[in-house]
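Here is the file protein_18.cif (mmCIF, N, CA and C atoms).
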data_query
#
loop_
_atom_site.label_atom_id
_atom_site.label_comp_id
_atom_site.auth_asym_id
_atom_site.auth_seq_id
_atom_site.Cartn_x
_atom_site.Cartn_y
_atom_site.Cartn_z
N ILE I 1 5.15 -14.97 10.49
CA ILE I 1 3.82 -14.72 9.94
C ILE I 1 3.72 -13.29 9.42
N GLN I 2 4.20 -12.37 10.25
CA GLN I 2 4.14 -10.95 9.87
C GLN I 2 4.93 -10.69 8.59
N LEU I 3 6.10 -11.27 8.49
CA LEU I 3 6.92 -11.07 7.30
C LEU I 3 6.26 -11.68 6.07
N GLY I 4 5.67 -12.85 6.22
CA GLY I 4 4.98 -13.50 5.11
C GLY I 4 3.79 -12.68 4.63
N LEU I 5 3.00 -12.15 5.57
CA LEU I 5 1.87 -11.30 5.20
C LEU I 5 2.34 -10.04 4.49
N ASN I 6 3.46 -9.50 4.95
CA ASN I 6 4.02 -8.30 4.33
C ASN I 6 4.43 -8.58 2.89
N TYR I 7 5.13 -9.69 2.66
CA TYR I 7 5.56 -10.04 1.31
C TYR I 7 4.40 -10.41 0.40
N LEU I 8 3.30 -10.87 0.95
CA LEU I 8 2.16 -11.30 0.15
C LEU I 8 1.32 -10.14 -0.36
N TRP I 9 1.33 -9.02 0.34
CA TRP I 9 0.43 -7.92 -0.02
C TRP I 9 0.69 -7.37 -1.42
N MET I 10 1.93 -7.09 -1.77
CA MET I 10 2.22 -6.45 -3.04
C MET I 10 1.81 -7.29 -4.25
N PRO I 11 2.13 -8.59 -4.30
CA PRO I 11 1.65 -9.37 -5.44
C PRO I 11 0.12 -9.45 -5.50
N LEU I 12 -0.53 -9.49 -4.35
CA LEU I 12 -1.99 -9.53 -4.36
C LEU I 12 -2.57 -8.25 -4.95
N PHE I 13 -2.07 -7.12 -4.50
CA PHE I 13 -2.64 -5.83 -4.90
C PHE I 13 -2.23 -5.44 -6.32
N PHE I 14 -0.95 -5.48 -6.62
CA PHE I 14 -0.46 -5.02 -7.91
C PHE I 14 -0.40 -6.12 -8.97
N GLY I 15 0.11 -7.29 -8.61
CA GLY I 15 0.31 -8.34 -9.60
C GLY I 15 -0.98 -9.04 -9.99
N LEU I 16 -1.72 -9.54 -9.02
CA LEU I 16 -2.94 -10.28 -9.29
C LEU I 16 -4.17 -9.39 -9.39
N LYS I 17 -4.02 -8.12 -9.02
CA LYS I 17 -5.12 -7.14 -9.04
C LYS I 17 -6.32 -7.63 -8.24
N LYS I 18 -6.04 -8.05 -7.02
CA LYS I 18 -7.07 -8.55 -6.10
C LYS I 18 -7.12 -7.64 -4.87
N PRO I 19 -7.78 -6.48 -4.96
CA PRO I 19 -7.79 -5.55 -3.82
C PRO I 19 -8.51 -6.09 -2.59
N LYS I 20 -9.53 -6.94 -2.78
CA LYS I 20 -10.22 -7.50 -1.61
C LYS I 20 -9.30 -8.43 -0.83
N ALA I 21 -8.59 -9.30 -1.54
CA ALA I 21 -7.65 -10.21 -0.88
C ALA I 21 -6.51 -9.43 -0.24
N ALA I 22 -6.06 -8.37 -0.91
CA ALA I 22 -4.99 -7.53 -0.35
C ALA I 22 -5.49 -6.82 0.91
N ALA I 23 -6.76 -6.42 0.93
CA ALA I 23 -7.32 -5.76 2.11
C ALA I 23 -7.38 -6.72 3.29
N VAL I 24 -7.78 -7.96 3.04
CA VAL I 24 -7.80 -8.97 4.10
C VAL I 24 -6.37 -9.19 4.61
N ASP I 25 -5.43 -9.27 3.68
CA ASP I 25 -4.03 -9.48 4.05
C ASP I 25 -3.50 -8.34 4.90
N ILE I 26 -3.75 -7.10 4.50
CA ILE I 26 -3.19 -5.97 5.24
C ILE I 26 -3.87 -5.80 6.60
N LEU I 27 -5.15 -6.18 6.70
CA LEU I 27 -5.80 -6.15 8.02
C LEU I 27 -5.20 -7.20 8.94
N ALA I 28 -4.93 -8.39 8.39
CA ALA I 28 -4.27 -9.43 9.19
C ALA I 28 -2.86 -8.99 9.58
N LEU I 29 -2.17 -8.34 8.67
CA LEU I 29 -0.83 -7.84 8.96
C LEU I 29 -0.88 -6.80 10.07
N GLY I 30 -1.81 -5.86 9.99
CA GLY I 30 -1.95 -4.85 11.03
C GLY I 30 -2.25 -5.46 12.39
N GLY I 31 -3.13 -6.45 12.41
CA GLY I 31 -3.44 -7.13 13.66
C GLY I 31 -2.25 -7.87 14.23
N THR I 32 -1.50 -8.50 13.34
CA THR I 32 -0.30 -9.23 13.78
C THR I 32 0.74 -8.28 14.36
N VAL I 33 0.96 -7.16 13.70
CA VAL I 33 1.94 -6.19 14.19
C VAL I 33 1.45 -5.53 15.48
N ALA I 34 0.16 -5.27 15.58
CA ALA I 34 -0.39 -4.71 16.83
C ALA I 34 -0.19 -5.69 17.98
N TYR I 35 -0.43 -6.96 17.73
CA TYR I 35 -0.21 -7.97 18.76
C TYR I 35 1.28 -8.06 19.11
N LEU I 36 2.14 -8.01 18.11
CA LEU I 36 3.58 -8.03 18.35
C LEU I 36 3.99 -6.83 19.21
N THR I 37 3.42 -5.67 18.92
CA THR I 37 3.72 -4.47 19.71
C THR I 37 3.28 -4.66 21.16
N TYR I 38 2.09 -5.24 21.35
CA TYR I 38 1.60 -5.51 22.70
C TYR I 38 2.54 -6.47 23.45
N VAL I 39 2.97 -7.53 22.77
CA VAL I 39 3.87 -8.50 23.41
C VAL I 39 5.18 -7.84 23.78
N TRP I 40 5.75 -7.05 22.86
CA TRP I 40 7.02 -6.38 23.14
C TRP I 40 6.88 -5.34 24.24
N ALA I 41 5.69 -4.74 24.37
CA ALA I 41 5.49 -3.75 25.44
C ALA I 41 5.61 -4.41 26.81
N GLN I 42 5.27 -5.68 26.90
CA GLN I 42 5.41 -6.41 28.16
C GLN I 42 6.88 -6.67 28.49
N VAL I 43 7.72 -6.72 27.46
CA VAL I 43 9.14 -7.04 27.65
C VAL I 43 9.98 -5.77 27.75
N ASP I 44 9.80 -4.87 26.78
CA ASP I 44 10.62 -3.66 26.71
C ASP I 44 9.82 -2.56 26.02
N SER I 45 9.52 -1.49 26.72
CA SER I 45 8.68 -0.44 26.16
C SER I 45 9.34 0.28 24.99
N VAL I 46 10.67 0.39 25.00
CA VAL I 46 11.37 1.04 23.89
C VAL I 46 11.20 0.22 22.61
N ALA I 47 11.30 -1.08 22.72
CA ALA I 47 11.10 -1.95 21.55
C ALA I 47 9.68 -1.80 21.02
N ALA I 48 8.72 -1.70 21.91
CA ALA I 48 7.33 -1.54 21.47
C ALA I 48 7.14 -0.19 20.76
N TRP I 49 7.72 0.86 21.31
CA TRP I 49 7.60 2.18 20.67
C TRP I 49 8.31 2.23 19.32
N CYS I 50 9.31 1.40 19.13
CA CYS I 50 9.99 1.34 17.82
C CYS I 50 9.07 0.79 16.73
N LEU I 51 8.03 0.08 17.11
CA LEU I 51 7.07 -0.44 16.13
C LEU I 51 5.97 0.57 15.81
N ALA I 52 5.90 1.67 16.55
CA ALA I 52 4.85 2.67 16.33
C ALA I 52 4.87 3.24 14.90
N PRO I 53 6.02 3.62 14.33
CA PRO I 53 6.00 4.12 12.95
C PRO I 53 5.50 3.07 11.95
N TYR I 54 5.84 1.82 12.18
CA TYR I 54 5.38 0.74 11.31
C TYR I 54 3.86 0.61 11.39
N LEU I 55 3.31 0.68 12.60
CA LEU I 55 1.86 0.63 12.77
C LEU I 55 1.19 1.83 12.08
N GLY I 56 1.81 3.00 12.18
CA GLY I 56 1.29 4.18 11.50
C GLY I 56 1.28 4.00 10.00
N TRP I 57 2.38 3.49 9.46
CA TRP I 57 2.46 3.24 8.03
C TRP I 57 1.42 2.21 7.59
N LEU I 58 1.24 1.15 8.37
CA LEU I 58 0.24 0.14 8.02
C LEU I 58 -1.17 0.73 8.04
N GLY I 59 -1.43 1.63 8.97
CA GLY I 59 -2.73 2.29 9.00
C GLY I 59 -2.97 3.11 7.74
N PHE I 60 -1.95 3.85 7.32
CA PHE I 60 -2.07 4.65 6.10
C PHE I 60 -2.19 3.76 4.86
N ALA I 61 -1.40 2.69 4.80
CA ALA I 61 -1.46 1.77 3.67
C ALA I 61 -2.82 1.07 3.61
N THR I 62 -3.40 0.77 4.76
CA THR I 62 -4.72 0.16 4.80
C THR I 62 -5.76 1.14 4.27
N TYR I 63 -5.65 2.39 4.68
CA TYR I 63 -6.54 3.44 4.18
C TYR I 63 -6.44 3.55 2.66
N LEU I 64 -5.22 3.55 2.13
CA LEU I 64 -5.04 3.62 0.68
C LEU I 64 -5.61 2.39 -0.02
N ASN I 65 -5.36 1.22 0.53
CA ASN I 65 -5.88 -0.02 -0.05
C ASN I 65 -7.40 0.04 -0.15
N PHE I 66 -8.05 0.41 0.95
CA PHE I 66 -9.51 0.48 0.94
C PHE I 66 -10.01 1.61 0.04
N GLY I 67 -9.32 2.74 0.04
CA GLY I 67 -9.73 3.86 -0.80
C GLY I 67 -9.65 3.53 -2.27
N VAL I 68 -8.54 2.96 -2.70
CA VAL I 68 -8.39 2.59 -4.11
C VAL I 68 -9.38 1.49 -4.47
N GLY I 69 -9.58 0.55 -3.57
CA GLY I 69 -10.54 -0.51 -3.83
C GLY I 69 -11.95 0.04 -4.00
N MET I 70 -12.37 0.92 -3.12
CA MET I 70 -13.72 1.48 -3.19
C MET I 70 -13.91 2.35 -4.44
N LEU I 71 -12.89 3.14 -4.77
CA LEU I 71 -13.00 4.00 -5.95
C LEU I 71 -13.07 3.20 -7.25
N ASN I 72 -12.58 1.98 -7.24
CA ASN I 72 -12.60 1.12 -8.43
C ASN I 72 -13.61 0.00 -8.31
N ASP I 73 -14.57 0.13 -7.41
CA ASP I 73 -15.59 -0.90 -7.18
C ASP I 73 -14.97 -2.27 -6.90
N TRP I 74 -13.84 -2.28 -6.25
CA TRP I 74 -13.13 -3.49 -5.84
C TRP I 74 -12.81 -4.42 -7.01
N ASP I 75 -12.62 -3.83 -8.19
CA ASP I 75 -12.32 -4.64 -9.37
C ASP I 75 -11.29 -3.92 -10.23
N PHE I 76 -10.11 -4.49 -10.33
CA PHE I 76 -9.05 -3.90 -11.16
C PHE I 76 -8.92 -4.61 -12.50
N GLU I 77 -9.65 -5.68 -12.71
CA GLU I 77 -9.51 -6.48 -13.93
C GLU I 77 -9.78 -5.63 -15.17
N GLY I 78 -8.90 -5.73 -16.13
CA GLY I 78 -9.07 -5.03 -17.39
C GLY I 78 -8.72 -3.56 -17.35
N LYS I 79 -8.36 -3.04 -16.21
CA LYS I 79 -8.01 -1.62 -16.13
C LYS I 79 -6.52 -1.46 -16.38
N THR I 80 -6.19 -0.55 -17.27
CA THR I 80 -4.79 -0.30 -17.59
C THR I 80 -4.50 1.19 -17.44
N VAL I 81 -3.23 1.50 -17.36
CA VAL I 81 -2.78 2.88 -17.26
C VAL I 81 -1.84 3.13 -18.42
N GLU I 82 -2.06 4.22 -19.14
CA GLU I 82 -1.16 4.55 -20.23
C GLU I 82 0.19 4.93 -19.67
N LYS I 83 1.23 4.43 -20.33
CA LYS I 83 2.58 4.72 -19.85
C LYS I 83 3.09 6.05 -20.37
N SER I 84 2.60 6.48 -21.50
CA SER I 84 3.02 7.77 -22.04
C SER I 84 1.85 8.36 -22.83
N PRO I 85 1.82 9.68 -22.96
CA PRO I 85 0.73 10.28 -23.72
C PRO I 85 0.82 9.91 -25.20
N LYS I 86 -0.32 9.62 -25.81
CA LYS I 86 -0.35 9.29 -27.24
C LYS I 86 -0.25 10.54 -28.09
N ASP I 87 -0.76 11.64 -27.57
CA ASP I 87 -0.75 12.89 -28.31
C ASP I 87 0.60 13.56 -28.14
N LYS I 88 1.41 13.51 -29.20
CA LYS I 88 2.77 14.08 -29.12
C LYS I 88 2.78 15.60 -29.27
N SER I 89 1.62 16.22 -29.53
CA SER I 89 1.60 17.68 -29.65
C SER I 89 1.74 18.34 -28.28
N HIS I 90 1.51 17.57 -27.22
CA HIS I 90 1.69 18.09 -25.86
C HIS I 90 2.69 17.20 -25.13
N PRO I 91 3.98 17.36 -25.46
CA PRO I 91 4.97 16.50 -24.80
C PRO I 91 5.07 16.82 -23.32
N THR I 92 5.44 15.82 -22.57
CA THR I 92 5.64 16.04 -21.15
C THR I 92 6.92 16.82 -20.93
N LYS I 93 6.95 17.61 -19.88
CA LYS I 93 8.13 18.42 -19.57
C LYS I 93 8.57 18.13 -18.15
N ASN I 94 9.84 18.35 -17.91
CA ASN I 94 10.35 18.27 -16.56
C ASN I 94 9.89 19.49 -15.79
N ILE I 95 9.93 19.42 -14.51
CA ILE I 95 9.49 20.53 -13.66
C ILE I 95 10.32 21.79 -13.93
N ASN I 96 11.60 21.62 -14.20
CA ASN I 96 12.48 22.76 -14.38
C ASN I 96 12.37 23.41 -15.76
N GLU I 97 11.72 22.74 -16.73
CA GLU I 97 11.59 23.31 -18.06
C GLU I 97 10.49 24.35 -18.08
N LYS I 98 10.72 25.43 -18.85
CA LYS I 98 9.73 26.48 -18.95
C LYS I 98 8.77 26.17 -20.09
N ALA I 99 7.51 26.52 -19.89
CA ALA I 99 6.52 26.33 -20.94
C ALA I 99 6.76 27.36 -22.04
N GLU I 100 6.50 26.96 -23.26
CA GLU I 100 6.70 27.89 -24.39
C GLU I 100 5.46 28.66 -24.70
#
Structure translated into structure tokens:
Amino acid sequence: IQLGLNYLWMPLFFGLKKPKAAAVDILALGGTVAYLTYVWAQVDSVAAWCLAPYLGWLGFATYLNFGVGMLNDWDFEGKTVEKSPKDKSHPTKNINEKAE
């Protein structure tokens, strides 16, 4: 279940542009992993602590999911990002290049 929820999040958020569904998915994923951590703590505390970084990452990813969703009014439809600047008078530079 946890693996399926993990694989489902990216297409929901990026592919289908459904931040609300992705938020529900990531909350379910976090709950599933928290429960898994609890179960493993009953068996082996080291195994449970090995899931702590994953729980931390899921917490941060959940924060980002909700933050991006709220900043975009929970609607990504029709929103695009330019891949390159249209104005060629200000070309992009690498970090190591000096400005003229």
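Near stretch 50-60 of chain I, within a cut-off of 8 Å and counting only C-alpha atoms, sit the residues Ile26, Gly30, Val33, Ala34, Thr37, Val46 and Leu64 of chain I, with same-chain residues fewer than 4 positions away left out.
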Env of stretch 2-15 of chain I: 7 Å cut, atoms = all atoms listed in the file, seq-sep filter 5 positions within chain, self excluded. Answer as an mmCIF file with N, CA and C atoms, in the frame of the given file.
data_model
loop_
_atom_site.group_PDB
_atom_site.id
_atom_site.type_symbol
_atom_site.label_atom_id
_atom_site.label_comp_id
_atom_site.auth_asym_id
_atom_site.auth_seq_id
_atom_site.Cartn_x
_atom_site.Cartn_y
_atom_site.Cartn_z
ATOM 1 N N ALA I 21 -8.590 -9.300 -1.540
ATOM 2 C CA ALA I 21 -7.650 -10.210 -0.880
ATOM 3 C C ALA I 21 -6.510 -9.430 -0.240
ATOM 4 N N ALA I 22 -6.060 -8.370 -0.910
ATOM 5 C CA ALA I 22 -4.990 -7.530 -0.350
ATOM 6 C C ALA I 22 -5.490 -6.820 0.910
ATOM 7 N N ASP I 25 -5.430 -9.270 3.680
ATOM 8 C CA ASP I 25 -4.030 -9.480 4.050
ATOM 9 C C ASP I 25 -3.500 -8.340 4.900
ATOM 10 N N ILE I 26 -3.750 -7.100 4.500
ATOM 11 C CA ILE I 26 -3.190 -5.970 5.240
ATOM 12 C C ILE I 26 -3.870 -5.800 6.600
ATOM 13 N N ALA I 28 -4.930 -8.390 8.390
ATOM 14 C CA ALA I 28 -4.270 -9.430 9.190
ATOM 15 C C ALA I 28 -2.860 -8.990 9.580
ATOM 16 N N LEU I 29 -2.170 -8.340 8.670
ATOM 17 C CA LEU I 29 -0.830 -7.840 8.960
ATOM 18 C C LEU I 29 -0.880 -6.800 10.070
ATOM 19 N N THR I 32 -1.500 -8.500 13.340
ATOM 20 C CA THR I 32 -0.300 -9.230 13.780
ATOM 21 C C THR I 32 0.740 -8.280 14.360
ATOM 22 N N VAL I 33 0.960 -7.160 13.700
ATOM 23 C CA VAL I 33 1.940 -6.190 14.190
ATOM 24 C C VAL I 33 1.450 -5.530 15.480
#
Show me, as JSON, the centre and edge lengths in Å to one decimal of the axis-aligned box that covers every listed atom of stretch 56-63 of chain I with 8 Å on each side.
{"center_x": -2.0, "center_y": 2.4, "center_z": 7.4, "size_x": 25.0, "size_y": 20.5, "size_z": 25.5}
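Atom CA of I:Leu36 is positioned 23.4 Å from atom CA of I:Phe66.
Atom pair atom CA of I:Gly67 / atom CA of I:Ile1 has a distance of 25.4 Å (rounded to one decimal).
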Practice prompt. In Å, rounded to a single decimal, give me how far atom CA of I:Tyr63 is from atom CA of I:Asp75.
Written response: 16.8 Å
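Among the candidate residues I:Ala47, I:Asn72, I:Thr62, I:Glu77, the one lying nearest to I:Leu16 is I:Glu77, with distances computed using only N, CA and C atoms.
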